[in-house]
>>> print(open('input.txt').read())   # compact mmCIF, C-alpha atoms and all ligand atoms
# COMPACT_ATOMS: atom_id res chain seq x y z
CA MET A 21 6.89 16.63 -3.92
CA GLN A 22 5.51 19.96 -5.17
CA ASP A 23 2.72 19.31 -7.74
CA LYS A 24 3.41 15.56 -7.86
CA VAL A 25 0.19 13.59 -8.21
CA VAL A 26 0.22 10.86 -5.59
CA VAL A 27 -2.46 8.16 -5.44
CA ILE A 28 -2.58 6.55 -1.99
CA VAL A 29 -4.63 3.38 -1.78
CA GLY A 30 -5.45 2.54 1.82
CA ALA A 31 -5.12 6.24 2.69
CA THR A 32 -7.27 5.89 5.82
CA GLY A 33 -5.21 3.03 7.26
CA GLY A 34 -2.58 3.16 9.96
CA ILE A 35 0.33 3.50 7.54
CA GLY A 36 -1.57 5.26 4.75
CA SER A 37 -3.02 8.01 6.93
CA VAL A 38 0.33 8.95 8.49
CA LEU A 39 1.95 9.05 5.05
CA THR A 40 -0.94 11.14 3.72
CA ARG A 41 -0.52 13.70 6.51
CA GLN A 42 3.23 13.78 5.85
CA LEU A 43 2.81 14.35 2.11
CA ALA A 44 0.04 16.96 2.28
CA PRO A 45 2.23 19.94 3.31
CA THR A 46 4.81 19.19 0.57
CA GLY A 47 2.56 20.56 -2.18
CA ALA A 48 1.78 17.12 -3.58
CA ARG A 49 -1.64 16.72 -5.17
CA LEU A 50 -3.20 13.79 -3.34
CA VAL A 51 -5.71 11.22 -4.52
CA LEU A 52 -6.95 9.32 -1.48
CA SER A 53 -8.64 5.98 -1.76
CA ALA A 54 -10.15 3.28 0.48
CA ARG A 55 -13.67 1.82 0.71
CA ASP A 56 -15.00 4.02 3.53
CA ALA A 57 -16.15 7.30 1.97
CA VAL A 58 -16.81 8.95 5.35
CA GLY A 59 -13.34 8.15 6.66
CA LEU A 60 -11.78 9.47 3.47
CA ALA A 61 -13.73 12.73 3.64
CA ALA A 62 -12.77 13.22 7.31
CA LEU A 63 -9.09 12.73 6.47
CA ALA A 64 -9.28 15.08 3.47
CA ASP A 65 -10.91 17.77 5.62
CA GLU A 66 -7.80 17.91 7.82
CA LEU A 67 -5.40 18.47 4.95
CA PRO A 68 -4.02 21.53 3.20
CA GLY A 69 -3.60 21.53 -0.58
CA GLU A 70 -5.44 19.84 -3.39
CA VAL A 71 -7.04 16.56 -2.34
CA LEU A 72 -9.33 14.26 -4.28
CA THR A 73 -11.08 11.38 -2.52
CA VAL A 74 -12.25 8.38 -4.52
CA PRO A 75 -13.95 5.62 -2.51
CA THR A 76 -12.83 2.37 -4.13
CA ASP A 77 -12.98 -1.33 -3.41
CA ILE A 78 -9.76 -2.56 -4.99
CA THR A 79 -11.08 -6.11 -5.32
CA ASP A 80 -13.21 -4.79 -8.22
CA PRO A 81 -11.07 -3.98 -11.29
CA HIS A 82 -13.80 -1.68 -12.67
CA GLN A 83 -13.65 0.46 -9.53
CA VAL A 84 -9.86 0.53 -9.79
CA ASP A 85 -10.08 1.71 -13.41
CA ALA A 86 -12.51 4.43 -12.32
CA LEU A 87 -10.09 5.54 -9.58
CA ILE A 88 -7.19 5.90 -12.00
CA LYS A 89 -9.38 7.65 -14.61
CA LYS A 90 -10.67 10.12 -12.00
CA ALA A 91 -7.13 10.88 -10.83
CA VAL A 92 -6.03 11.61 -14.40
CA ALA A 93 -9.19 13.59 -15.21
CA GLU A 94 -8.68 15.78 -12.13
CA PHE A 95 -4.89 16.20 -12.11
CA GLY A 96 -3.78 15.20 -15.63
CA GLN A 97 -1.26 12.52 -14.65
CA ILE A 98 -0.14 10.08 -11.97
CA ASP A 99 3.40 10.42 -10.64
CA VAL A 100 3.20 8.05 -7.68
CA LEU A 101 1.07 5.10 -6.60
CA VAL A 102 1.32 3.93 -3.01
CA ASN A 103 -0.41 0.62 -2.33
CA ALA A 104 -1.03 0.69 1.42
CA ALA A 105 -4.35 -1.19 1.46
CA GLY A 106 -4.65 -4.68 2.78
CA ALA A 107 -5.98 -6.97 5.45
CA GLY A 108 -4.69 -9.84 7.58
CA ILE A 109 -6.11 -13.25 8.43
CA LEU A 110 -3.62 -15.10 10.62
CA LYS A 111 -4.67 -18.51 11.92
CA PRO A 112 -3.62 -22.18 11.80
CA TYR A 113 -3.44 -23.68 8.32
CA ASN A 114 -6.23 -26.15 9.05
CA SER A 115 -8.61 -23.43 10.28
CA LEU A 116 -8.33 -21.44 7.06
CA GLU A 117 -11.61 -21.59 5.14
CA PRO A 118 -11.77 -21.13 1.35
CA ALA A 119 -13.36 -17.72 2.04
CA ASP A 120 -10.29 -16.71 4.08
CA LEU A 121 -7.96 -17.59 1.23
CA ASP A 122 -10.25 -15.80 -1.23
CA LYS A 123 -10.20 -12.65 0.91
CA MET A 124 -6.40 -12.61 1.22
CA LEU A 125 -5.90 -13.16 -2.50
CA ASP A 126 -8.68 -10.76 -3.54
CA VAL A 127 -7.61 -7.81 -1.38
CA ASN A 128 -3.88 -8.18 -0.93
CA LEU A 129 -2.82 -9.83 -4.18
CA LYS A 130 -5.42 -9.06 -6.83
CA GLY A 131 -6.32 -5.63 -5.42
CA SER A 132 -2.74 -4.40 -5.51
CA PHE A 133 -2.22 -6.08 -8.90
CA TYR A 134 -5.14 -4.13 -10.37
CA THR A 135 -4.01 -0.79 -8.95
CA THR A 136 -0.40 -1.34 -10.02
CA GLN A 137 -1.43 -2.39 -13.52
CA ALA A 138 -3.83 0.51 -14.04
CA ALA A 139 -1.49 3.19 -12.65
CA ALA A 140 1.49 1.79 -14.56
CA GLU A 141 -0.38 2.09 -17.87
CA GLU A 142 -0.84 5.80 -17.22
CA MET A 143 2.79 6.22 -16.11
CA GLN A 144 4.07 4.35 -19.16
CA LYS A 145 2.45 6.95 -21.45
CA ARG A 146 4.54 9.68 -19.79
CA LYS A 147 7.64 7.49 -19.33
CA SER A 148 7.82 8.36 -15.65
CA GLY A 149 6.43 7.15 -12.34
CA HIS A 150 7.04 5.50 -9.02
CA ILE A 151 5.10 2.60 -7.55
CA CYS A 152 5.45 1.83 -3.85
CA ASN A 153 4.03 -1.51 -2.78
CA VAL A 154 3.77 -2.05 0.98
CA VAL A 155 4.29 -5.80 1.05
CA GLY A 156 5.36 -6.64 4.59
CA ILE A 157 8.01 -9.07 5.76
CA LEU A 158 5.60 -11.97 5.22
CA GLY A 159 6.18 -11.50 1.50
CA LYS A 160 9.78 -12.54 2.08
CA HIS A 161 9.92 -14.71 5.21
CA SER A 162 7.64 -17.39 6.60
CA MET A 163 5.70 -17.40 9.86
CA ALA A 164 3.37 -19.94 11.45
CA MET A 165 -0.34 -19.00 11.13
CA ALA A 166 0.32 -16.86 8.06
CA ALA A 167 -0.18 -19.34 5.21
CA ALA A 168 -2.98 -17.47 3.40
CA TYR A 169 -1.68 -13.96 4.14
CA SER A 170 1.85 -14.90 3.15
CA ALA A 171 0.65 -16.55 -0.06
CA SER A 172 -0.95 -13.25 -1.03
CA LYS A 173 2.14 -11.22 -0.14
CA PHE A 174 4.65 -13.48 -1.90
CA GLY A 175 2.36 -12.99 -4.90
CA VAL A 176 2.66 -9.21 -4.60
CA VAL A 177 6.45 -9.52 -4.69
CA GLY A 178 6.22 -11.80 -7.73
CA PHE A 179 4.07 -9.54 -9.89
CA SER A 180 5.84 -6.37 -8.70
CA LYS A 181 9.27 -7.66 -9.72
CA CYS A 182 7.96 -8.82 -13.12
CA MET A 183 6.25 -5.49 -13.81
CA ALA A 184 9.36 -3.63 -12.60
CA GLU A 185 11.40 -5.52 -15.22
CA GLU A 186 8.88 -4.62 -17.94
CA LEU A 187 8.59 -1.01 -16.91
CA LYS A 188 12.15 0.05 -16.06
CA ARG A 189 12.77 1.08 -19.67
CA PHE A 190 9.85 3.49 -19.33
CA GLY A 191 11.43 5.24 -16.35
CA ILE A 192 9.05 3.67 -13.85
CA LYS A 193 10.53 2.83 -10.47
CA PHE A 194 9.26 0.23 -8.03
CA THR A 195 9.96 0.17 -4.30
CA LEU A 196 8.90 -2.81 -2.19
CA PHE A 197 8.58 -2.32 1.57
CA TYR A 198 9.12 -5.25 3.91
CA PHE A 199 7.95 -3.96 7.28
CA GLY A 200 7.68 -6.20 10.30
CA GLY A 201 4.70 -5.71 12.62
CA VAL A 202 3.37 -2.14 12.56
CA ASP A 203 1.04 -1.06 15.37
CA SER A 204 -2.02 -0.14 13.32
CA PRO A 205 -5.73 -1.03 13.12
CA PHE A 206 -4.59 -3.97 10.96
CA TRP A 207 -4.21 -5.90 14.22
CA ASP A 208 -7.60 -4.97 15.71
CA ASN A 209 -9.34 -8.00 14.25
CA VAL A 210 -6.43 -10.46 14.25
CA SER A 211 -6.94 -13.18 16.85
CA LEU A 212 -3.21 -14.04 17.08
CA LYS A 213 -1.66 -12.98 20.41
CA VAL A 214 0.82 -10.20 19.64
CA ASP A 215 2.54 -7.49 21.67
CA ARG A 216 1.69 -4.29 19.83
CA LYS A 217 3.97 -2.23 22.08
CA LYS A 218 6.98 -3.98 20.51
CA MET A 219 5.90 -3.22 16.94
CA LEU A 220 7.09 -0.45 14.63
CA SER A 221 5.10 2.76 14.69
CA PRO A 222 3.12 3.72 11.56
CA GLN A 223 5.35 6.83 11.48
CA THR A 224 8.44 4.66 10.95
CA ALA A 225 6.73 2.95 8.01
CA ALA A 226 5.54 6.28 6.58
CA ASN A 227 9.04 7.77 6.96
CA ALA A 228 10.48 4.91 4.89
CA ILE A 229 7.95 5.49 2.11
CA PHE A 230 8.55 9.24 2.25
CA TYR A 231 12.30 8.62 1.95
CA ALA A 232 11.81 6.45 -1.14
CA LEU A 233 9.65 9.14 -2.75
CA THR A 234 12.04 12.00 -2.04
CA ALA A 235 15.40 10.32 -2.74
CA GLU A 236 17.49 11.93 -5.50
CA PRO A 237 15.97 11.23 -8.94
CA GLN A 238 18.65 8.80 -10.09
CA ALA A 239 18.30 6.69 -6.93
CA VAL A 240 15.95 3.74 -6.91
CA PRO A 241 15.40 2.34 -3.41
CA MET A 242 14.32 -1.06 -4.71
CA GLU A 243 13.56 -2.70 -1.37
CA ILE A 244 13.31 -1.33 2.16
CA ASN A 245 13.24 -3.84 5.01
CA ILE A 246 12.59 -2.64 8.57
CA GLN A 247 11.93 -5.00 11.47
CA PRO A 248 11.23 -4.38 15.15
CA ASP A 249 14.21 -5.51 17.26
CA SER A 250 12.04 -8.19 18.87
CA HIS A 251 11.54 -10.00 15.55
CA LEU A 252 14.63 -9.96 13.32
CA PHE A 253 15.09 -12.00 10.15
CA PHE A 254 18.47 -12.11 8.41
N1 LIG A 301 0.28 -3.47 10.26
C1 LIG A 301 1.30 -4.31 10.01
O1 LIG A 301 1.85 -4.97 10.92
C2 LIG A 301 1.83 -4.44 8.62
C3 LIG A 301 3.15 -4.89 8.44
C4 LIG A 301 3.65 -5.02 7.16
C5 LIG A 301 2.85 -4.76 6.08
N2 LIG A 301 1.57 -4.35 6.27
C6 LIG A 301 0.75 -4.09 5.09
O2 LIG A 301 0.63 -2.69 4.98
C7 LIG A 301 -0.61 -2.35 4.34
C8 LIG A 301 -1.33 -1.34 5.22
O3 LIG A 301 -1.48 -1.89 6.51
P1 LIG A 301 -1.99 -1.04 7.76
O4 LIG A 301 -1.27 -1.58 8.93
O5 LIG A 301 -1.95 0.40 7.47
O6 LIG A 301 -3.51 -1.57 7.82
P2 LIG A 301 -4.85 -0.84 8.28
O7 LIG A 301 -4.58 0.20 9.30
O8 LIG A 301 -5.80 -1.95 8.63
O9 LIG A 301 -5.37 -0.10 6.94
C9 LIG A 301 -5.83 -0.83 5.85
C10 LIG A 301 -6.28 0.14 4.76
O10 LIG A 301 -6.68 -0.63 3.63
C11 LIG A 301 -7.98 -0.21 3.22
N3 LIG A 301 -8.64 -1.35 2.58
C12 LIG A 301 -8.89 -2.57 3.12
N4 LIG A 301 -9.55 -3.34 2.24
C13 LIG A 301 -9.70 -2.59 1.11
C14 LIG A 301 -10.32 -2.80 -0.14
N5 LIG A 301 -10.93 -3.97 -0.44
N6 LIG A 301 -10.31 -1.82 -1.05
C15 LIG A 301 -9.71 -0.63 -0.78
N7 LIG A 301 -9.11 -0.37 0.39
C16 LIG A 301 -9.12 -1.33 1.32
C17 LIG A 301 -8.65 0.24 4.52
O11 LIG A 301 -9.73 1.13 4.30
P3 LIG A 301 -11.25 0.62 4.13
O12 LIG A 301 -11.49 -0.41 5.19
O13 LIG A 301 -12.09 1.85 4.27
O14 LIG A 301 -11.33 0.06 2.77
C18 LIG A 301 -7.48 0.99 5.17
O15 LIG A 301 -7.35 2.28 4.59
C19 LIG A 301 -1.35 -3.68 4.14
O16 LIG A 301 -1.11 -4.16 2.83
C20 LIG A 301 -0.67 -4.62 5.13
O17 LIG A 301 -0.75 -5.96 4.71
C21 LIG A 301 1.04 -4.15 7.51
>>> encode(input="input.txt", output="C-alpha cells", more="lines below")
Ligand SMILES: NC(=O)c1ccc[n+]([C@@H]2O[C@H](COP(=O)([O-])OP(=O)(O)OC[C@H]3O[C@@H](n4cnc5c(N)ncnc54)[C@H](OP(=O)(O)O)[C@@H]3O)[C@@H](O)[C@H]2O)c1
Amino acid sequence: MQDKVVVIVGATGGIGSVLTRQLAPTGARLVLSARDAVGLAALADELPGEVLTVPTDITDPHQVDALIKKAVAEFGQIDVLVNAAGAGILKPYNSLEPADLDKMLDVNLKGSFYTTQAAAEEMQKRKSGHICNVVGILGKHSMAMAAAYSASKFGVVGFSKCMAEELKRFGIKFTLFYFGGVDSPFWDNVSLKVDRKKMLSPQTAANAIFYALTAEPQAVPMEINIQPDSHLFF
C-alpha cells in the first residue's frame, strides 16, 4: 500500500479505526473522515506516516465534495475509497418514524452514494481506483426490525453494482462487504437485544477489507461475506 492514497470515511468507527491502524504502517497516505473532528485528530495523532483529517458530514454533498477536493489537493490523487460510515436504527416496522427512515437513507444510502460518486469521478480521470463499500448482510438478507436500515443497505448494493458496471472499463474496482454483526459502537444505541460476544470482531472485518486492498492487481474480490457462526445465511 506504499504511497497509495486511501480515503476512509467512518475512520473513527469500530471497523474504520481498526482498518486505519492496520493501513498506517504500510506507507499508505491516509485521508480520515467522520463528523467528530476531535476523535479524528486523536486517531491521527496515534499514527505514523502522512495523515490528513477532514471532518465531514456525508449527508451533505457539498461537504463530501470538499473532502474529495482536499484529498486531491493534499495528495494529488485518490487510489482507494473505503465507505465505513453508517448508523443503525432497528425497531418494529410500525414504530419507525419518518425521521428514522430519513436518517437511514440520508446517512447509509445517500451519504455513501455521494462519497462513491465524488471519489469515482477522480479515479475515472486516472483510469484506476478501488472502492470498498461496507454494506453489511442486511443489504442482502432480510431480518425482522430492520426495515429502514435494510432499505438503505439494499440501496447501497443497487447503486454500487450500477456504478461498478459503468466504471469497470476505467479500471475501477468495487468490493462489497456483507458482514454479519460486528461488535462495535454501532450497537451502543441500538435497543434490539443482541449478544455482542457472539459477533465478529472489528479486526475480522478490517482484515477482510485489507485483503481486498492488497490482493494481486488482476484480482477483483467483488463481494466478501462473513457471518458469525451463530447467524448463518446461505
Ligand atoms: N457493526 C455491525 O454489526 C455492522 C455489520 C455490518 C455492516 N456494518 C456497517 O459498517 C459500517 C461501519 O460500522 P461500524 O460498526 O464501524 O459503526 P460505528 O462504530 O458506529 O462507526 C460509525 C462511523 O461512521 C461515522 N459516521 C456516522 N454518521 C456519519 C455521517 N453523517 N457523516 C460522516 N461519518 C459518519 C462515525 O463517526 P462520527 O459519528 O464522528 O460521524 C463513525 O466513524 C456502517 O455502514 C455499518 O452499517 C456494521
>>> closest_residue(input="input.txt", among="A:Gly96, A:Pro248, A:Pro222, A:Pro237", to="A:Leu39", atoms="all atoms listed in the file")
A:Pro222
>>> residues_near_ligand(input="input.txt", ligand="ligand LIG 301 (chain A)", cutoff="6 Å", atoms="all atoms listed in the file", output="PDB file with C-alpha atoms, in the frame of the given file")
ATOM      1  CA  GLY A  30      -5.450   2.540   1.820  1.00  0.00           C
ATOM      2  CA  ALA A  31      -5.120   6.240   2.690  1.00  0.00           C
ATOM      3  CA  THR A  32      -7.270   5.890   5.820  1.00  0.00           C
ATOM      4  CA  GLY A  33      -5.210   3.030   7.260  1.00  0.00           C
ATOM      5  CA  GLY A  34      -2.580   3.160   9.960  1.00  0.00           C
ATOM      6  CA  ILE A  35       0.330   3.500   7.540  1.00  0.00           C
ATOM      7  CA  GLY A  36      -1.570   5.260   4.750  1.00  0.00           C
ATOM      8  CA  ALA A  54     -10.150   3.280   0.480  1.00  0.00           C
ATOM      9  CA  ARG A  55     -13.670   1.820   0.710  1.00  0.00           C
ATOM     10  CA  ASP A  56     -15.000   4.020   3.530  1.00  0.00           C
ATOM     11  CA  THR A  76     -12.830   2.370  -4.130  1.00  0.00           C
ATOM     12  CA  ASP A  77     -12.980  -1.330  -3.410  1.00  0.00           C
ATOM     13  CA  ILE A  78      -9.760  -2.560  -4.990  1.00  0.00           C
ATOM     14  CA  THR A  79     -11.080  -6.110  -5.320  1.00  0.00           C
ATOM     15  CA  ALA A 104      -1.030   0.690   1.420  1.00  0.00           C
ATOM     16  CA  ALA A 105      -4.350  -1.190   1.460  1.00  0.00           C
ATOM     17  CA  GLY A 106      -4.650  -4.680   2.780  1.00  0.00           C
ATOM     18  CA  ALA A 107      -5.980  -6.970   5.450  1.00  0.00           C
ATOM     19  CA  VAL A 127      -7.610  -7.810  -1.380  1.00  0.00           C
ATOM     20  CA  VAL A 154       3.770  -2.050   0.980  1.00  0.00           C
ATOM     21  CA  VAL A 155       4.290  -5.800   1.050  1.00  0.00           C
ATOM     22  CA  GLY A 156       5.360  -6.640   4.590  1.00  0.00           C
ATOM     23  CA  PHE A 199       7.950  -3.960   7.280  1.00  0.00           C
ATOM     24  CA  GLY A 200       7.680  -6.200  10.300  1.00  0.00           C
ATOM     25  CA  GLY A 201       4.700  -5.710  12.620  1.00  0.00           C
ATOM     26  CA  VAL A 202       3.370  -2.140  12.560  1.00  0.00           C
ATOM     27  CA  ASP A 203       1.040  -1.060  15.370  1.00  0.00           C
ATOM     28  CA  SER A 204      -2.020  -0.140  13.320  1.00  0.00           C
ATOM     29  CA  PRO A 205      -5.730  -1.030  13.120  1.00  0.00           C
ATOM     30  CA  PHE A 206      -4.590  -3.970  10.960  1.00  0.00           C
TER      31      PHE A 206
END
>>> closest_residue(input="input.txt", among="A:Asp120, A:Ser211, A:Val29, A:Ala138", to="A:Pro75", atoms="all atoms listed in the file")
A:Val29
>>> closest_residue(input="input.txt", among="A:Ser162, A:Thr224, A:Ser53, A:Thr234", to="A:Val102", atoms="only C-alpha atoms")
A:Ser53
>>> residues_around(input="input.txt", residues="A:Leu50", least_positions_apart="3", cutoff="10 Å", atoms="all atoms listed in the file", output="PyMOL selection string")
chain A and resi 23-28+31+40+43-44+47+53+64+67+69-73+91+95+98+100
>>> write_last_selection(input="input.txt", atoms="C-alpha atoms", output="PDB file, keeping the file's coordinate frame")
ATOM      1  CA  ASP A  23       2.720  19.310  -7.740  1.00  0.00           C
ATOM      2  CA  LYS A  24       3.410  15.560  -7.860  1.00  0.00           C
ATOM      3  CA  VAL A  25       0.190  13.590  -8.210  1.00  0.00           C
ATOM      4  CA  VAL A  26       0.220  10.860  -5.590  1.00  0.00           C
ATOM      5  CA  VAL A  27      -2.460   8.160  -5.440  1.00  0.00           C
ATOM      6  CA  ILE A  28      -2.580   6.550  -1.990  1.00  0.00           C
ATOM      7  CA  ALA A  31      -5.120   6.240   2.690  1.00  0.00           C
ATOM      8  CA  THR A  40      -0.940  11.140   3.720  1.00  0.00           C
ATOM      9  CA  LEU A  43       2.810  14.350   2.110  1.00  0.00           C
ATOM     10  CA  ALA A  44       0.040  16.960   2.280  1.00  0.00           C
ATOM     11  CA  GLY A  47       2.560  20.560  -2.180  1.00  0.00           C
ATOM     12  CA  SER A  53      -8.640   5.980  -1.760  1.00  0.00           C
ATOM     13  CA  ALA A  64      -9.280  15.080   3.470  1.00  0.00           C
ATOM     14  CA  LEU A  67      -5.400  18.470   4.950  1.00  0.00           C
ATOM     15  CA  GLY A  69      -3.600  21.530  -0.580  1.00  0.00           C
ATOM     16  CA  GLU A  70      -5.440  19.840  -3.390  1.00  0.00           C
ATOM     17  CA  VAL A  71      -7.040  16.560  -2.340  1.00  0.00           C
ATOM     18  CA  LEU A  72      -9.330  14.260  -4.280  1.00  0.00           C
ATOM     19  CA  THR A  73     -11.080  11.380  -2.520  1.00  0.00           C
ATOM     20  CA  ALA A  91      -7.130  10.880 -10.830  1.00  0.00           C
ATOM     21  CA  PHE A  95      -4.890  16.200 -12.110  1.00  0.00           C
ATOM     22  CA  ILE A  98      -0.140  10.080 -11.970  1.00  0.00           C
ATOM     23  CA  VAL A 100       3.200   8.050  -7.680  1.00  0.00           C
TER      24      VAL A 100
END
>>> closest_residue(input="input.txt", among="A:Leu158, A:Met143, A:Val84, A:Val58", to="A:Arg189", atoms="only C-alpha atoms")
A:Met143
>>> residues_around(input="input.txt", residues="A:Gln223", least_positions_apart="3", cutoff="7 Å", atoms="all atoms listed in the file", output="PyMOL selection string")
chain A and resi 38+226-227
